[in-house]
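Peer 1: Once you've had a glance at the structure underneath, I'll fire off some questions.
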Amino acid sequence: MALVTMRELLQDARKRKYAVGGFNVFNFETLGAVVEVAEELKTPLVLGVPERLFKFTDAEVLSAAMVCAAQRASVPIALHLDHGHTYDGVMKAIRWGFTSVMFDGSNLSFEENLKRTKEITRIAHSLGISVEGELGYVGCYECFQDMNDEHIVKADVAADFANKTKVDALAVSVGTSHGAYKGNTELNFSRLNELNTKIDVPLVMHGGSKLNRDDFRNSIQSGICKINIATDMSSAAVERLKAEFAKASNGTNYINLMGAVKKGVKDSVRRYMLNFDCISKAI
Ligand code: 13P
């Protein structure tokens with residue numbers, strides 16, 4: 001169908017109350033898996049690559065494959081830089097054909113985050129590219145235990161940030177964490193509702209792995225328009241690889257392992273999409 005901006009996708013999600021899945025891909029297998037499930041379920045899609053992946057793979061080549069996959073797909077797809085932390089990383093993604101970039105300045109002071117996000121938004125918008133900003137603190141791996149109310153973003157502060165930066169989407173911390181952490185997540189729905197009332201841009205949830213169906217439903221009802229998933233796709237691929245090794249007593253080959261990764265990721269992505277109310281929403 002088309003390579004589109006994230007802004008278009010999230011505006012529709014907001015209007016029709018569903019969430020677009022923001023799935024991070026790492027290579028050909030994960031890219032193919034995510035696009036195939038989106039086409040099978042007729043869902044719009046945000047295909048992400050985190051800036052930290054640039055160290056591990058040739059992200060320029062991967063981006064070219066993503067552009068090709070999106071242009072050929074039967075559903076609308078936005079190509080998105082996830083967790084861009086540097087100006088250089090954001091500019092590379094723009095040059096490689098991404099239609100959306102995230103600038104994550106959530107570890108900076110409010111003023112510095114505002115200043116840098118505003119500048120990136122000015123440049124990206126002049127090129128027709130969407131921008132996601134982030135405020136607050138989404139827990140991360142071992143830091144999960146340290147999450148407390150102070151990390152949940154305040155609605156007035158977030159509204160001020162969204163107005164001044166002119167971002168197209170805002171990632172807000174309401175209790176989730178990235179990665180395979182121990183413990184349970186408690187989402188702050190009253191804060192999420194307040195954020196949704198005061199902020200005029202679609203809200204994004206990071207750290208979606210491990211949440212349950214009710215968490216997703218309630219989050220979508222409270223204004224979340226994109227939910228990011230990465231950890232569970234990776235874990236599902238690892239589990240499939242283990243099963244492949246276990247059953248292949250005479251050894252296996254790399255092509256079989258590629259198939260195992262793809263199957264694991266497809267099952268995981270399908271499970272999440274079925275919870276996002278996004279089925280058949282591709283227009
Ligand atoms: P998970 O680690 O919970 O899958 O979250 C991924 C994410 O938010 C990427 O931006």
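Chain labels run A, B, ... following the order of the structure tokens; each chain numbers its residues from 1, and ligands are numbered from 1 in the order shown.
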For region 43-53 of chain A, find every residue with an atom within 6 Å (counting only C-alpha atoms), except residues of its own chain fewer than 5 positions away, and show them as JSON, numbers by chain.
Peer 2: {"A": [20, 21, 22, 23, 24, 25, 38, 75, 76, 77, 78, 79, 80, 81, 82, 83, 84, 278, 279, 280, 281, 282]}
Peer 1: Could you tell me, counting only C-alpha atoms and all ligand atoms, which protein and nucleic acid residues lie no more than 9 Å from ligand 1, written as number ranges by chain?
Peer 2: A: 22-24, 48-50, 82-83, 138, 140-141, 176-181, 205-211, 227-234
Peer 1: How would the residues just picked look written out with C-alpha atoms as a short mmCIF file (atom, residue, chain, number, x, y, z; two decimals), in the first residue's frame?
Peer 2:
```cif
data_model
loop_
_atom_site.label_atom_id
_atom_site.label_comp_id
_atom_site.auth_asym_id
_atom_site.auth_seq_id
_atom_site.Cartn_x
_atom_site.Cartn_y
_atom_site.Cartn_z
CA GLY A 22 5.38 -0.20 17.12
CA PHE A 23 7.51 -3.31 16.56
CA ASN A 24 11.29 -3.11 16.46
CA GLY A 48 11.04 0.61 14.29
CA VAL A 49 14.79 0.39 14.57
CA PRO A 50 16.44 1.66 17.76
CA ASP A 82 13.15 4.33 17.96
CA HIS A 83 15.01 5.99 20.84
CA VAL A 138 10.28 4.41 31.48
CA CYS A 140 14.78 -0.26 32.06
CA TYR A 141 15.90 -3.80 32.88
CA THR A 176 5.96 0.51 32.25
CA SER A 177 9.56 -0.67 31.82
CA HIS A 178 11.65 -1.86 28.91
CA GLY A 179 13.19 -5.30 28.83
CA ALA A 180 12.80 -8.58 30.66
CA TYR A 181 12.44 -7.25 34.18
CA MET A 205 3.44 3.61 25.42
CA HIS A 206 6.93 2.14 25.60
CA GLY A 207 7.71 -1.11 27.39
CA GLY A 208 4.63 -2.97 26.14
CA SER A 209 6.02 -6.53 26.53
CA LYS A 210 4.52 -8.42 29.47
CA LEU A 211 1.42 -6.24 29.87
CA ILE A 227 2.37 0.53 21.82
CA ASN A 228 6.02 -0.46 21.46
CA ILE A 229 7.14 -4.07 21.61
CA ALA A 230 10.64 -5.50 21.26
CA THR A 231 11.64 -7.75 24.17
CA ASP A 232 8.97 -10.41 23.74
CA MET A 233 9.68 -10.75 20.01
CA SER A 234 13.30 -11.41 20.83
#
```
Peer 1: Figure out the distance between CA of Val174 (chain A) and CA of Leu187 (chain A), please, to one decimal in Å.
Peer 2: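 If I compute the distance from CA of Leu187 (chain A) to CA of Val174 (chain A), I get 5.7 Å.
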Peer 1: So how far away is CA of Phe103 (chain A) from CA of Ser126 (chain A), in Å?
Peer 2: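 Going from CA of Ser126 (chain A) over to CA of Phe103 (chain A) covers 16.0 Å.
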Peer 1: I'd like the contact shell of Ala237 (chain A) - 8 Å cut-off, only C-alpha atoms, skipping same-chain residues fewer than 4 positions apart - returned as a PyMOL selection string.
Peer 2: chain A and resi 233+241+260-265
Peer 1: Residues near Glu8 (chain A), anyone? I mean within 12 Å using only C-alpha atoms, not counting same-chain ones fewer than 4 positions away, as a compact mmCIF listing (two decimals) with C-alpha atoms, in the first residue's frame.
Peer 2:
```txt
# COMPACT_ATOMS: atom_id res chain seq x y z
CA ALA A 2 2.35 2.69 1.12
CA LEU A 3 5.14 4.12 3.10
CA VAL A 4 3.39 6.73 5.26
CA ASP A 12 -6.43 7.69 12.65
CA ALA A 13 -5.74 5.49 15.69
CA ARG A 14 -6.72 8.35 17.96
CA LYS A 15 -9.92 9.02 16.07
CA VAL A 20 -0.83 0.86 16.21
CA PRO A 44 -1.37 -0.38 10.03
CA LEU A 45 2.18 -0.72 11.31
CA VAL A 46 5.08 1.25 12.76
CA PRO A 76 0.27 1.40 5.46
CA ILE A 77 3.64 1.36 7.20
CA ALA A 78 5.66 4.12 8.89
CA THR A 99 9.20 8.71 7.75
CA SER A 100 9.33 9.20 11.49
CA GLY A 128 7.57 16.02 6.03
CA ILE A 129 8.81 13.61 8.71
CA SER A 130 6.98 12.94 11.98
CA VAL A 131 8.58 13.24 15.41
CA ASP A 168 3.45 14.57 16.48
CA ALA A 169 3.38 11.99 19.27
CA VAL A 201 -1.18 14.83 20.42
CA PRO A 202 -1.42 11.01 20.31
CA CYS A 225 -2.29 5.26 20.17
CA ALA A 282 -5.60 -0.62 7.52
CA ILE A 283 -7.22 1.89 5.19
```
Peer 1: Using only C-alpha atoms, which residues sit within 8 Å of Lys198 (chain A) once same-chain residues fewer than 5 positions away are excluded, as a count of residues only?
Peer 2: 3
Peer 1: Identify, with DSSP run on backbone atoms, the residues in region 56-230 of chain A assigned to helix (DSSP H, G or I), and express the list as an NGL selection string.
Peer 2: :A and (59-72 or 87-95 or 110-126 or 141-146 or 149-151 or 155-165 or 189-198 or 213-221)
Peer 1: Write out as a list in words each polymer residue whose atoms come within 8 Å of Gly136 (chain A), counting only C-alpha atoms; drop sequence neighbours fewer than 5 positions from it.
Peer 2: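 The filter keeps Ser106, His151, Ile152, Val153, Val172 and Ser173 of chain A.
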Peer 1: From the list A:Phe161, A:Glu244, A:Met6, A:Gly133, which residue is nearest Met258 (chain A) when using only C-alpha atoms?
Peer 2: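 Looking at the shortest contact to Met258 (chain A), the residue is A:Glu244.
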Peer 1: So which residues touch region 60-67 of chain A within 9 Å, counting only C-alpha atoms, skipping near sequence neighbours fewer than 3 positions away, as a PyMOL selection string?
Peer 2: chain A and resi 3+26-28+31+47+49+54+57+70-72+79+92-93+96-98
Peer 1: Would you save the residues from that selection as an mmCIF file, in the first residue's frame, using N, CA and C atoms?
Peer 2:
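Final file, selection05.cif:
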```cif
data_model
loop_
_atom_site.group_PDB
_atom_site.id
_atom_site.type_symbol
_atom_site.label_atom_id
_atom_site.label_comp_id
_atom_site.auth_asym_id
_atom_site.auth_seq_id
_atom_site.Cartn_x
_atom_site.Cartn_y
_atom_site.Cartn_z
ATOM 1 N N LEU A 3 4.277 3.642 2.037
ATOM 2 C CA LEU A 3 5.142 4.125 3.102
ATOM 3 C C LEU A 3 4.517 5.450 3.549
ATOM 4 N N PHE A 26 15.285 -6.187 13.651
ATOM 5 C CA PHE A 26 16.747 -6.226 13.784
ATOM 6 C C PHE A 26 17.442 -6.738 12.528
ATOM 7 N N ASN A 27 16.704 -7.456 11.684
ATOM 8 C CA ASN A 27 17.323 -8.120 10.523
ATOM 9 C C ASN A 27 16.216 -8.536 9.536
ATOM 10 N N PHE A 28 16.582 -9.304 8.501
ATOM 11 C CA PHE A 28 15.590 -9.719 7.493
ATOM 12 C C PHE A 28 14.468 -10.581 8.081
ATOM 13 N N LEU A 31 12.112 -8.450 10.185
ATOM 14 C CA LEU A 31 11.393 -7.529 9.287
ATOM 15 C C LEU A 31 10.279 -8.281 8.538
ATOM 16 N N LEU A 47 7.138 0.316 11.924
ATOM 17 C CA LEU A 47 8.318 -0.562 11.949
ATOM 18 C C LEU A 47 9.469 0.250 12.511
ATOM 19 N N VAL A 49 13.416 0.830 14.335
ATOM 20 C CA VAL A 49 14.795 0.389 14.569
ATOM 21 C C VAL A 49 15.358 1.328 15.632
ATOM 22 N N PHE A 54 22.445 0.510 15.639
ATOM 23 C CA PHE A 54 23.415 0.956 14.624
ATOM 24 C C PHE A 54 24.809 0.369 14.887
ATOM 25 N N THR A 57 24.601 -3.690 13.587
ATOM 26 C CA THR A 57 24.299 -4.128 12.228
ATOM 27 C C THR A 57 24.450 -2.945 11.276
ATOM 28 N N ALA A 70 8.115 -1.745 2.971
ATOM 29 C CA ALA A 70 6.968 -0.864 3.236
ATOM 30 C C ALA A 70 6.290 -0.451 1.931
ATOM 31 N N GLN A 71 7.102 -0.135 0.930
ATOM 32 C CA GLN A 71 6.511 0.307 -0.351
ATOM 33 C C GLN A 71 5.698 -0.810 -1.008
ATOM 34 N N ARG A 72 6.131 -2.053 -0.809
ATOM 35 C CA ARG A 72 5.467 -3.206 -1.440
ATOM 36 C C ARG A 72 4.270 -3.711 -0.637
ATOM 37 N N LEU A 79 8.081 4.060 8.825
ATOM 38 C CA LEU A 79 9.416 3.614 9.249
ATOM 39 C C LEU A 79 9.925 4.592 10.289
ATOM 40 N N LYS A 92 20.792 10.527 10.278
ATOM 41 C CA LYS A 92 21.035 9.330 9.455
ATOM 42 C C LYS A 92 19.705 8.675 9.080
ATOM 43 N N ALA A 93 18.843 8.504 10.068
ATOM 44 C CA ALA A 93 17.551 7.850 9.806
ATOM 45 C C ALA A 93 16.763 8.637 8.753
ATOM 46 N N TRP A 96 18.174 7.959 5.407
ATOM 47 C CA TRP A 96 17.932 6.595 4.925
ATOM 48 C C TRP A 96 16.469 6.349 4.527
ATOM 49 N N GLY A 97 15.620 7.328 4.707
ATOM 50 C CA GLY A 97 14.247 7.173 4.218
ATOM 51 C C GLY A 97 13.195 6.916 5.275
ATOM 52 N N PHE A 98 13.549 7.067 6.557
ATOM 53 C CA PHE A 98 12.536 6.899 7.604
ATOM 54 C C PHE A 98 11.506 8.025 7.489
#
```
Peer 1: I'd like to know which of A:Ser219, A:Ala246, A:Ser74, A:Ala162 is closest to Glu40 (chain A), using only C-alpha atoms.
Peer 2: A:Ser74
Peer 1: Would you mind telling me which residue in A:Asn212, A:Val204, A:Val269, A:Ala69 lies nearest to Tyr18 (chain A) when using only C-alpha atoms?
Peer 2: A:Val204
Peer 1: Report, in Å to a single decimal, how far apart CA of Ser268 (chain A) and CA of Thr5 (chain A) are.
Peer 2: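 Rounded to one decimal, the two atoms are 24.7 Å apart.
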